[in-house]
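Asker: I'm passing along query17.cif; it holds mmCIF, C-alpha atoms.
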data_run
#
loop_
_atom_site.label_atom_id
_atom_site.label_comp_id
_atom_site.auth_asym_id
_atom_site.auth_seq_id
_atom_site.Cartn_x
_atom_site.Cartn_y
_atom_site.Cartn_z
CA MET Q 300 29.29 10.88 8.11
CA ALA Q 301 26.07 11.40 10.05
CA SER Q 302 24.15 8.39 11.30
CA PRO Q 303 20.35 8.37 11.23
CA SER Q 304 20.23 9.31 14.90
CA THR Q 305 22.43 12.37 14.42
CA SER Q 306 20.80 13.61 11.22
CA SER Q 307 19.73 17.25 11.25
CA ASP Q 308 16.24 16.20 10.13
CA SER Q 309 13.86 16.37 13.08
CA PRO Q 310 10.76 14.18 13.09
CA SER Q 311 7.27 15.62 13.04
CA THR Q 312 4.75 15.47 15.85
CA THR Q 313 3.97 11.90 14.79
CA ARG Q 314 7.29 10.83 16.29
CA GLY Q 315 6.37 12.13 19.71
CA THR Q 316 3.10 10.23 20.05
CA THR Q 317 2.94 8.16 23.22
CA PRO Q 318 1.00 4.95 23.90
CA GLY Q 319 -2.38 5.61 25.45
CA SER Q 320 -3.10 8.82 23.54
CA THR Q 321 -6.49 9.42 21.93
CA PRO Q 322 -7.00 8.92 18.18
CA GLY Q 323 -7.18 12.62 17.29
CA THR Q 324 -6.87 13.80 13.70
CA LEU Q 325 -5.20 11.41 11.26
CA GLY Q 326 -3.46 12.70 8.15
CA VAL Q 327 -3.14 10.37 5.17
CA TRP Q 328 -0.42 11.42 2.75
CA PHE Q 329 -0.86 9.60 -0.56
CA LEU Q 330 2.04 9.11 -2.96
CA GLY Q 331 0.21 9.16 -6.27
CA ALA Q 332 -2.55 11.33 -4.79
CA ARG Q 333 -4.22 12.14 -8.12
CA GLY Q 334 -4.31 8.56 -9.38
CA SER Q 335 -7.47 6.48 -9.69
CA LEU Q 336 -6.94 4.66 -6.41
CA ALA Q 337 -6.20 7.71 -4.27
CA THR Q 338 -9.00 9.71 -5.89
CA THR Q 339 -11.48 6.89 -5.25
CA ALA Q 340 -10.28 6.65 -1.65
CA THR Q 341 -10.64 10.41 -1.16
CA ILE Q 342 -14.18 10.38 -2.57
CA GLY Q 343 -15.02 7.35 -0.45
CA LEU Q 344 -13.61 8.97 2.68
CA GLY Q 345 -15.73 12.04 2.12
CA ALA Q 346 -18.81 9.86 1.62
CA LEU Q 347 -18.06 7.82 4.76
CA ALA Q 348 -17.48 10.94 6.85
CA ALA Q 349 -20.78 12.44 5.66
CA ARG Q 350 -22.56 9.08 6.08
CA LEU Q 351 -23.51 9.04 2.42
CA THR Q 352 -22.37 5.41 2.08
CA ASP Q 353 -21.86 2.40 4.33
CA GLU Q 354 -18.64 0.54 5.22
CA THR Q 355 -18.94 -2.22 2.64
CA GLY Q 356 -15.38 -3.28 1.74
CA CYS Q 357 -13.85 -1.62 4.83
CA VAL Q 358 -12.09 -4.19 6.98
CA THR Q 359 -11.97 -1.78 9.93
CA GLY Q 360 -15.76 -1.75 9.84
CA HIS Q 361 -15.95 -5.52 10.34
CA PRO Q 362 -17.77 -6.42 13.59
CA ASP Q 363 -14.99 -8.81 14.66
CA LEU Q 364 -12.22 -6.23 14.44
CA ASP Q 365 -11.72 -4.12 17.58
CA PRO Q 366 -12.39 -0.46 16.62
CA ARG Q 367 -11.15 1.17 19.83
CA GLY Q 368 -8.58 3.87 19.16
CA LEU Q 369 -9.17 4.03 15.43
CA ALA Q 370 -9.55 7.51 13.94
CA SER Q 371 -13.12 8.20 12.89
CA TRP Q 372 -13.79 8.74 9.20
CA ALA Q 373 -14.61 12.38 9.90
CA ASP Q 374 -11.21 12.90 11.57
CA ILE Q 375 -9.12 11.80 8.58
CA VAL Q 376 -7.52 14.43 6.33
CA VAL Q 377 -5.91 13.69 2.94
CA GLY Q 378 -2.88 15.27 1.29
CA GLY Q 379 -0.14 13.95 -0.94
CA HIS Q 380 2.42 14.09 -3.71
CA ASP Q 381 1.91 13.43 -7.41
CA VAL Q 382 3.70 14.10 -10.67
CA ASP Q 383 0.35 14.32 -12.45
CA THR Q 384 -1.19 17.79 -12.59
CA VAL Q 385 -4.76 16.85 -13.61
CA PRO Q 386 -6.95 18.14 -10.74
CA LEU Q 387 -8.83 15.71 -8.51
CA ALA Q 388 -12.14 17.09 -9.75
CA LYS Q 389 -11.26 16.08 -13.31
CA GLN Q 390 -10.04 12.69 -12.13
CA ALA Q 391 -13.37 12.23 -10.36
CA GLU Q 392 -15.23 13.04 -13.57
CA ARG Q 393 -13.27 10.32 -15.35
CA LEU Q 394 -14.06 7.80 -12.61
CA VAL Q 395 -17.75 8.66 -12.80
CA ALA Q 396 -17.72 8.25 -16.58
CA GLY Q 397 -16.05 4.85 -16.15
CA GLY Q 398 -18.68 3.61 -13.72
CA VAL Q 399 -16.23 3.45 -10.82
CA VAL Q 400 -17.81 6.14 -8.64
CA PRO Q 401 -21.50 7.14 -8.47
CA GLY Q 402 -21.92 10.62 -9.91
CA ILE Q 403 -24.07 11.79 -7.00
CA LEU Q 404 -21.33 10.94 -4.49
CA ALA Q 405 -18.68 12.78 -6.48
CA GLU Q 406 -20.95 15.83 -6.52
CA ARG Q 407 -21.69 15.66 -2.79
CA VAL Q 408 -17.98 15.53 -1.83
CA ALA Q 409 -16.79 18.10 -4.38
CA GLY Q 410 -15.84 20.44 -1.55
CA GLU Q 411 -13.63 17.79 0.05
CA LEU Q 412 -11.90 17.16 -3.27
CA GLU Q 413 -11.23 20.88 -3.64
CA ALA Q 414 -9.82 21.09 -0.11
CA THR Q 415 -7.63 18.05 -0.73
CA GLU Q 416 -6.38 19.50 -4.02
CA ALA Q 417 -5.02 22.49 -2.10
CA ARG Q 418 -2.95 20.12 0.07
CA LEU Q 419 -1.26 18.30 -2.82
CA ARG Q 420 2.37 18.94 -3.74
CA PRO Q 421 4.53 18.11 -6.81
CA GLY Q 422 6.17 14.69 -6.79
CA VAL Q 423 9.39 13.38 -8.32
CA ARG Q 424 9.84 11.45 -11.56
CA ALA Q 425 12.44 8.76 -12.19
CA GLY Q 426 15.69 10.28 -13.42
CA GLU Q 427 14.70 13.87 -12.65
CA ALA Q 428 16.62 14.28 -9.41
CA THR Q 429 20.07 15.78 -9.95
CA ASP Q 430 20.50 16.23 -6.18
CA GLN Q 431 18.60 13.39 -4.55
CA ARG Q 432 19.33 14.54 -1.01
CA ALA Q 433 17.80 17.94 -1.77
CA VAL Q 434 14.74 16.27 -3.28
CA VAL Q 435 14.32 14.09 -0.19
CA GLU Q 436 14.51 17.16 2.03
CA GLN Q 437 11.91 18.98 -0.07
CA LEU Q 438 9.52 16.02 0.03
CA ALA Q 439 10.05 15.62 3.77
CA GLY Q 440 9.34 19.31 4.24
CA ASP Q 441 6.02 18.93 2.44
CA ILE Q 442 5.05 16.08 4.77
CA ARG Q 443 6.12 18.04 7.86
CA GLU Q 444 4.04 21.02 6.77
CA PHE Q 445 1.01 18.75 6.41
CA ALA Q 446 1.77 17.03 9.74
CA ALA Q 447 1.66 20.37 11.58
CA GLY Q 448 -2.11 20.45 11.13
CA VAL Q 449 -2.93 16.93 12.35
CA ASP Q 450 -2.10 14.70 15.30
CA ARG Q 451 -0.29 12.03 13.28
CA VAL Q 452 0.45 11.18 9.65
CA VAL Q 453 0.61 7.92 7.69
CA VAL Q 454 2.29 7.95 4.27
CA ILE Q 455 0.84 5.43 1.80
CA ASP Q 456 2.41 4.68 -1.58
CA VAL Q 457 -0.29 4.10 -4.22
CA SER Q 458 1.81 5.34 -7.15
CA SER Q 459 2.63 3.45 -10.34
CA THR Q 460 4.56 0.19 -10.03
CA GLU Q 461 8.29 0.52 -10.60
CA ALA Q 462 10.69 -1.98 -12.13
CA PRO Q 463 12.78 -4.00 -9.64
CA HIS Q 464 15.57 -1.79 -8.35
CA ASP Q 465 18.68 -2.63 -6.36
CA ALA Q 466 20.29 0.27 -4.55
CA GLY Q 467 23.30 -2.00 -4.00
CA ALA Q 468 26.31 -0.88 -2.00
CA ASP Q 469 25.25 2.76 -2.29
CA ALA Q 470 22.44 2.14 0.22
CA ALA Q 471 23.67 -0.87 2.17
CA THR Q 472 23.74 1.37 5.26
CA TRP Q 473 22.60 4.89 6.03
CA ALA Q 474 26.24 6.01 6.00
CA ASP Q 475 26.66 4.53 2.51
CA LEU Q 476 23.57 6.38 1.29
CA GLU Q 477 24.78 9.71 2.65
CA ALA Q 478 28.21 9.09 1.08
CA ALA Q 479 26.56 8.41 -2.27
CA TRP Q 480 24.58 11.63 -2.01
CA ALA Q 481 27.72 13.58 -1.10
CA ALA Q 482 29.40 12.13 -4.20
CA GLY Q 483 26.53 13.31 -6.40
CA ARG Q 484 24.97 9.89 -6.95
CA ALA Q 485 21.23 9.15 -6.72
CA PRO Q 486 20.90 5.47 -5.75
CA LEU Q 487 17.25 5.48 -4.61
CA SER Q 488 14.32 4.80 -6.92
CA PRO Q 489 11.41 7.29 -6.73
CA SER Q 490 9.45 5.05 -4.33
CA SER Q 491 12.48 4.75 -2.03
CA THR Q 492 13.05 8.49 -2.27
CA TYR Q 493 9.50 9.04 -1.01
CA ALA Q 494 9.95 6.40 1.70
CA CYS Q 495 13.12 8.12 2.89
CA ALA Q 496 11.32 11.46 3.02
CA ALA Q 497 8.47 9.95 5.03
CA LEU Q 498 10.85 8.51 7.61
CA LEU Q 499 12.85 11.74 7.92
CA ALA Q 500 9.54 13.56 8.45
CA GLY Q 501 8.72 11.15 11.29
CA ALA Q 502 5.86 9.39 9.49
CA PRO Q 503 5.23 5.64 9.14
CA TYR Q 504 5.25 4.31 5.58
CA VAL Q 505 2.90 1.82 3.92
CA ALA Q 506 3.76 0.29 0.53
CA PHE Q 507 0.59 -0.63 -1.35
CA THR Q 508 2.62 -1.29 -4.52
CA PRO Q 509 5.37 -3.85 -5.21
CA SER Q 510 7.89 -1.05 -5.82
CA PRO Q 511 11.09 -1.12 -3.69
CA GLY Q 512 9.93 1.65 -1.34
CA ILE Q 513 11.23 1.16 2.19
CA ASP Q 514 12.69 -2.28 1.48
CA VAL Q 515 16.24 -0.95 1.17
CA PRO Q 516 18.81 -1.68 3.95
CA ALA Q 517 19.62 1.98 4.58
CA LEU Q 518 15.95 2.88 4.94
CA LEU Q 519 15.18 -0.08 7.20
CA GLU Q 520 18.07 1.13 9.36
CA LEU Q 521 16.61 4.64 9.39
CA ALA Q 522 13.15 3.33 10.35
CA ALA Q 523 14.64 1.34 13.23
CA ASP Q 524 16.62 4.35 14.45
CA ARG Q 525 13.57 6.61 14.35
CA GLY Q 526 11.36 3.99 16.00
CA LEU Q 527 8.82 4.10 13.19
CA PRO Q 528 6.48 1.34 11.97
CA TYR Q 529 6.02 0.40 8.34
CA ALA Q 530 3.99 -2.10 6.33
CA GLY Q 531 3.64 -3.59 2.85
CA SER Q 532 3.91 -4.61 0.20
CA ASP Q 533 1.63 -4.86 -2.85
CA GLY Q 534 -2.04 -4.72 -1.92
CA LYS Q 535 -3.97 -8.00 -2.17
CA THR Q 536 -7.23 -6.98 -3.82
CA GLY Q 537 -8.37 -9.49 -6.44
CA GLU Q 538 -7.03 -12.69 -7.95
CA THR Q 539 -4.31 -13.13 -5.32
CA LEU Q 540 -6.93 -12.68 -2.60
CA VAL Q 541 -8.80 -15.65 -4.07
CA LYS Q 542 -5.57 -17.66 -4.29
CA SER Q 543 -4.77 -17.02 -0.62
CA ALA Q 544 -8.09 -18.61 0.31
CA LEU Q 545 -8.05 -21.46 -2.26
CA ALA Q 546 -4.42 -22.62 -2.10
CA PRO Q 547 -4.66 -23.65 1.59
CA MET Q 548 -7.75 -25.69 0.69
CA PHE Q 549 -5.76 -27.81 -1.75
CA SER Q 550 -2.93 -28.17 0.75
CA THR Q 551 -5.04 -29.18 3.77
CA ARG Q 552 -7.07 -31.66 1.69
CA ALA Q 553 -3.80 -33.25 0.47
CA LEU Q 554 -4.67 -32.59 -3.17
CA ALA Q 555 -1.60 -32.32 -5.40
CA VAL Q 556 -1.56 -29.12 -7.43
CA ARG Q 557 0.36 -29.82 -10.65
CA SER Q 558 0.00 -26.45 -12.37
CA TRP Q 559 -1.65 -23.08 -11.82
CA THR Q 560 -2.10 -20.80 -14.81
CA SER Q 561 -3.10 -17.17 -14.35
CA ILE Q 562 -4.19 -14.74 -17.05
CA ASN Q 563 -4.73 -11.12 -15.97
CA LEU Q 564 -6.24 -8.43 -18.19
CA LEU Q 565 -5.93 -4.86 -16.91
CA GLY Q 566 -6.89 -1.45 -18.24
CA GLY Q 567 -6.30 2.01 -16.83
CA GLY Q 568 -3.04 3.48 -15.62
CA ASP Q 569 -1.99 0.35 -13.75
CA GLY Q 570 -2.42 -1.80 -16.85
CA SER Q 571 -0.52 0.73 -18.96
CA THR Q 572 2.34 0.76 -16.45
CA LEU Q 573 2.48 -3.04 -16.31
CA ALA Q 574 2.72 -3.22 -20.09
CA ASP Q 575 6.40 -2.46 -19.43
CA PRO Q 576 8.11 -5.86 -18.94
CA ALA Q 577 10.35 -4.54 -16.18
CA ALA Q 578 7.43 -3.17 -14.13
CA ARG Q 579 5.44 -6.33 -14.83
CA GLU Q 580 8.25 -8.40 -13.32
CA SER Q 581 7.72 -6.67 -9.94
CA LYS Q 582 4.03 -7.59 -9.93
CA THR Q 583 4.32 -11.20 -11.11
CA GLY Q 584 7.06 -11.85 -8.57
CA THR Q 585 4.85 -10.99 -5.60
CA LYS Q 586 1.87 -12.84 -7.08
CA ARG Q 587 3.80 -16.09 -7.55
CA SER Q 588 5.83 -16.13 -4.32
CA GLY Q 589 2.78 -16.38 -2.08
CA LEU Q 590 1.26 -19.26 -4.03
CA GLU Q 591 4.38 -21.38 -3.87
CA SER Q 592 4.78 -20.62 -0.17
CA MET Q 593 1.24 -21.81 0.59
CA LEU Q 594 1.55 -25.00 -1.45
CA GLY Q 595 5.07 -25.77 -0.27
CA HIS Q 596 6.59 -26.39 -3.71
CA ASP Q 597 7.25 -24.82 -7.07
CA VAL Q 598 4.12 -24.57 -9.17
CA PRO Q 599 4.54 -24.57 -12.95
CA GLY Q 600 2.20 -22.63 -15.18
CA PRO Q 601 2.39 -19.33 -17.03
CA MET Q 602 1.36 -16.08 -15.39
CA HIS Q 603 0.38 -13.28 -17.75
CA ILE Q 604 -0.49 -9.64 -17.14
CA ASP Q 605 -1.74 -8.00 -20.31
CA TYR Q 606 -2.87 -4.42 -20.91
CA VAL Q 607 -6.29 -3.96 -22.52
CA GLU Q 608 -6.93 -0.23 -22.83
CA ASP Q 609 -10.68 -0.69 -23.33
CA LEU Q 610 -11.09 -2.13 -19.81
CA GLY Q 611 -10.43 1.22 -18.16
CA ASP Q 612 -10.29 0.83 -14.38
CA TRP Q 613 -11.60 -2.72 -14.53
CA LYS Q 614 -9.71 -5.98 -14.53
CA THR Q 615 -10.41 -9.62 -15.34
CA ALA Q 616 -8.43 -12.64 -14.14
CA TRP Q 617 -8.90 -16.22 -15.32
CA ASP Q 618 -7.19 -19.06 -13.45
CA HIS Q 619 -6.84 -22.70 -14.44
CA VAL Q 620 -5.74 -25.10 -11.69
CA ARG Q 621 -4.72 -28.67 -12.56
CA PHE Q 622 -4.55 -31.04 -9.59
CA ASP Q 623 -4.47 -34.75 -8.77
CA GLY Q 624 -6.92 -36.49 -6.47
CA PHE Q 625 -7.01 -39.97 -4.97
CA LEU Q 626 -5.45 -42.69 -7.16
CA GLY Q 627 -3.90 -39.97 -9.32
CA THR Q 628 -7.22 -38.93 -10.85
CA ARG Q 629 -6.67 -35.77 -12.93
CA MET Q 630 -8.96 -32.87 -12.05
CA THR Q 631 -9.23 -29.16 -12.78
CA MET Q 632 -10.67 -26.05 -11.23
CA GLN Q 633 -11.24 -22.76 -13.04
CA PHE Q 634 -12.40 -19.40 -11.79
CA THR Q 635 -12.86 -15.91 -13.19
CA TRP Q 636 -12.50 -12.75 -11.14
CA GLU Q 637 -13.82 -9.48 -12.53
CA GLY Q 638 -13.69 -6.29 -10.56
CA CYS Q 639 -12.86 -2.61 -10.38
CA ASP Q 640 -9.31 -2.22 -9.14
CA SER Q 641 -9.79 1.21 -7.57
CA ALA Q 642 -13.03 0.29 -5.79
CA LEU Q 643 -11.45 -2.89 -4.41
CA ALA Q 644 -8.31 -1.15 -3.18
CA ALA Q 645 -9.66 2.20 -1.94
CA PRO Q 646 -11.25 0.95 1.31
CA LEU Q 647 -8.12 -1.08 2.06
CA VAL Q 648 -5.79 1.92 1.95
CA LEU Q 649 -8.16 3.75 4.29
CA ASP Q 650 -8.12 0.70 6.59
CA LEU Q 651 -4.32 0.66 6.51
CA ALA Q 652 -4.19 4.35 7.39
CA ARG Q 653 -6.46 3.85 10.42
CA LEU Q 654 -4.68 0.71 11.63
CA THR Q 655 -1.19 2.15 11.14
CA GLY Q 656 -2.18 5.40 12.83
CA ARG Q 657 -3.37 3.45 15.85
CA ALA Q 658 -0.20 1.35 15.77
CA VAL Q 659 1.85 4.54 16.16
CA ALA Q 660 -0.28 5.57 19.14
CA ALA Q 661 0.21 2.08 20.62
CA GLY Q 662 4.00 2.39 20.38
CA GLU Q 663 4.49 -0.15 17.57
CA THR Q 664 7.77 0.00 15.65
CA GLY Q 665 9.32 -1.89 12.75
CA ALA Q 666 7.48 -4.10 10.28
CA LEU Q 667 3.77 -4.43 11.08
CA ALA Q 668 3.62 -8.13 10.21
CA ALA Q 669 0.01 -8.42 11.39
CA LEU Q 670 -1.04 -6.25 8.44
CA GLY Q 671 0.04 -9.06 6.11
CA PHE Q 672 -3.67 -9.77 5.60
CA PHE Q 673 -3.69 -6.83 3.17
CA PHE Q 674 -0.60 -7.71 1.10
CA LYS Q 675 0.72 -10.13 -1.50
CA SER Q 676 4.26 -9.91 -0.15
CA PRO Q 677 3.92 -9.01 3.56
CA LEU Q 678 6.93 -7.37 5.17
CA GLY Q 679 7.97 -9.10 8.37
CA SER Q 680 5.96 -12.27 7.71
CA GLN Q 681 6.09 -15.41 5.58
CA GLU Q 682 2.43 -16.22 6.21
CA HIS Q 683 0.22 -16.02 3.09
CA ARG Q 684 -2.82 -18.09 4.12
CA LEU Q 685 -5.80 -15.77 4.37
CA ALA Q 686 -7.52 -17.41 7.36
CA GLN Q 687 -4.35 -17.39 9.45
CA GLN Q 688 -3.62 -13.80 8.46
CA TRP Q 689 -7.13 -12.80 9.53
CA ASP Q 690 -6.73 -14.40 12.96
CA THR Q 691 -3.40 -12.63 13.42
CA LEU Q 692 -4.91 -9.29 12.43
CA LEU Q 693 -7.80 -9.65 14.88
CA ALA Q 694 -5.49 -10.57 17.77
CA TRP Q 695 -3.09 -7.71 17.02
CA SER Q 696 -5.98 -5.27 16.70
CA ARG Q 697 -7.20 -6.19 20.19
CA GLU Q 698 -3.70 -5.76 21.61
CA CYS Q 699 -3.30 -2.30 20.07
CA ALA Q 700 -6.80 -1.30 21.17
CA ASP Q 701 -6.01 -2.33 24.76
CA ARG Q 702 -2.88 -0.18 24.76
CA VAL Q 703 -4.52 2.98 23.45
CA SER Q 704 -7.87 2.51 25.23
CA PRO Q 705 -7.11 0.91 28.61
#
Would you mind writing the structure in this file as structure tokens?

Answerer:
Amino acid sequence: MASPSTSSDSPSTTRGTTPGSTPGTLGVWFLGARGSLATTATIGLGALAARLTDETGCVTGHPDLDPRGLASWADIVVGGHDVDTVPLAKQAERLVAGGVVPGILAERVAGELEATEARLRPGVRAGEATDQRAVVEQLAGDIREFAAGVDRVVVIDVSSTEAPHDAGADAATWADLEAAWAAGRAPLSPSSTYACAALLAGAPYVAFTPSPGIDVPALLELAADRGLPYAGSDGKTGETLVKSALAPMFSTRALAVRSWTSINLLGGGDGSTLADPAARESKTGTKRSGLESMLGHDVPGPMHIDYVEDLGDWKTAWDHVRFDGFLGTRMTMQFTWEGCDSALAAPLVLDLARLTGRAVAAGETGALAALGFFFKSPLGSQEHRLAQQWDTLLAWSRECADRVSP
């Protein structure tokens, strides 16, 4: 049985990048490319490249973060996979109608949306693959074709959240996975199928959802063998972002948090997906694990995610924190977070593309733990405190910048 290193799949030009090379053209391959998030990011990228908007919300535009070696906005090209067939132009119209994207911007970047549409390819649905190995090869071929026109590619999963999935013994090693394929089994979930295709195409993989993705032993083995970096998982865009700043405050002030209740109301496709209890379990798991890690103990209190169709692409979170002060005095803190999910997340996936692209040029491999600042459940790190994550990101950014721009 072939090992990852002897597989017939050859990596794309991304694999051959050497430290010290110039930024060049960066390809961003979105999984879920016609969804609200990817469409908003594509519109935003076009607006940034044409200087029709500023860098508000873009971490890579922050004055403290070293920009050397990052691809310019004008040098980023978008492609991707999606099972949805509604064109990007129609998706943009829906976002404009929902107040997510200014209509004038959507009009000004219509040409970019049309060009991106031509680079999109059909995705894979759960349960559709009768020959999973063949599907992986087809998906990898799509990414290679895209990679031929750019200097490097970053694959970013922004597709719908999947239910927790355990590939089990069928993907405990790469050899096990190939044996399962040879026996006609399909052990990988759709997100892991995409992750496998990305790695075989020589592209780093970023998981912006809590879906299994690359976090399968066989795929981690493949990433190590190919010397590819990866990052994730589950983008930290709203309520959890607030928690990662507030929870350390309670801890460092020695205030005893007795309960933390979270109520989340979501509309749009994400809310509809999370109406499924199994998919919701993936999201609540990543949201709760970080809180308990920061406070150092289990924290009782219900955590709800409820679908409200009328909210569209907007979300509302209400949190109630019960804590004890000096002499056991009972106190509470409450906050409400309201925001547009796509507008919060879109600049972050563009940031992750730029930072991961530079990491490839700098020779980084394995889990990019320093990108934990962007995630609820950071791969390669147990740090959830926002301030510490920010310091780590800044330091790592300087190190990568020094390597690619000596």

Asker: Using only C-alpha atoms, can you tell me which of Q:Pro599, Q:Gly323, Q:Gly665, Q:Gly589 comes closest to Asp450 of chain Q?

Answerer: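 Closest residue, counting only C-alpha atoms: Q:Gly323.
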
Asker: Please determine the residues with any atom at most 12 Å from (-16.6, 12.2, -13.0) (coordinates as given in the file, with all atoms listed in the file counting) and report them as a list in words.

Answerer: Ser335, Thr338, Thr339, Ile342, Pro386, Leu387, Ala388, Lys389, Gln390, Ala391, Glu392, Arg393, Leu394, Val395, Ala396, Gly397, Gly398, Val399, Val400, Pro401, Gly402, Ile403, Leu404, Ala405, Glu406, Arg407, Val408, Ala409 and Leu412 of chain Q

Asker: How many Å lie between atom CA of Leu654 of chain Q and atom CA of Pro677 of chain Q, rounded to one decimal?

Answerer: 15.3 Å

Asker: Excluding Leu527 of chain Q and residues on its chain fewer than 6 positions from it, collect all residues at most 12 Å away from it, counting only C-alpha atoms, and give them as a count of residues only.

Answerer: 37

Asker: Evaluate the PyMOL selection byres ((chain Q and resi 354) around 12) here and jot the selected residues down as a PDB file with C-alpha atoms, in the frame of the given file.

Answerer:
ATOM      1  CA  GLY Q 343     -15.020   7.350  -0.450  1.00  0.00           C
ATOM      2  CA  LEU Q 344     -13.610   8.970   2.680  1.00  0.00           C
ATOM      3  CA  ALA Q 346     -18.810   9.860   1.620  1.00  0.00           C
ATOM      4  CA  LEU Q 347     -18.060   7.820   4.760  1.00  0.00           C
ATOM      5  CA  ALA Q 348     -17.480  10.940   6.850  1.00  0.00           C
ATOM      6  CA  ARG Q 350     -22.560   9.080   6.080  1.00  0.00           C
ATOM      7  CA  LEU Q 351     -23.510   9.040   2.420  1.00  0.00           C
ATOM      8  CA  THR Q 352     -22.370   5.410   2.080  1.00  0.00           C
ATOM      9  CA  ASP Q 353     -21.860   2.400   4.330  1.00  0.00           C
ATOM     10  CA  THR Q 355     -18.940  -2.220   2.640  1.00  0.00           C
ATOM     11  CA  GLY Q 356     -15.380  -3.280   1.740  1.00  0.00           C
ATOM     12  CA  CYS Q 357     -13.850  -1.620   4.830  1.00  0.00           C
ATOM     13  CA  VAL Q 358     -12.090  -4.190   6.980  1.00  0.00           C
ATOM     14  CA  THR Q 359     -11.970  -1.780   9.930  1.00  0.00           C
ATOM     15  CA  GLY Q 360     -15.760  -1.750   9.840  1.00  0.00           C
ATOM     16  CA  HIS Q 361     -15.950  -5.520  10.340  1.00  0.00           C
ATOM     17  CA  PRO Q 362     -17.770  -6.420  13.590  1.00  0.00           C
ATOM     18  CA  TRP Q 372     -13.790   8.740   9.200  1.00  0.00           C
ATOM     19  CA  ALA Q 645      -9.660   2.200  -1.940  1.00  0.00           C
ATOM     20  CA  PRO Q 646     -11.250   0.950   1.310  1.00  0.00           C
ATOM     21  CA  LEU Q 647      -8.120  -1.080   2.060  1.00  0.00           C
ATOM     22  CA  LEU Q 649      -8.160   3.750   4.290  1.00  0.00           C
ATOM     23  CA  ASP Q 650      -8.120   0.700   6.590  1.00  0.00           C
TER      24      ASP Q 650
END

Asker: Kindly resolve the PyMOL selection byres ((chain Q and resi 636) around 7) on the present coordinates and return the residues as a PyMOL selection string.

Answerer: chain Q and resi 538+615-617+634-635+637-638
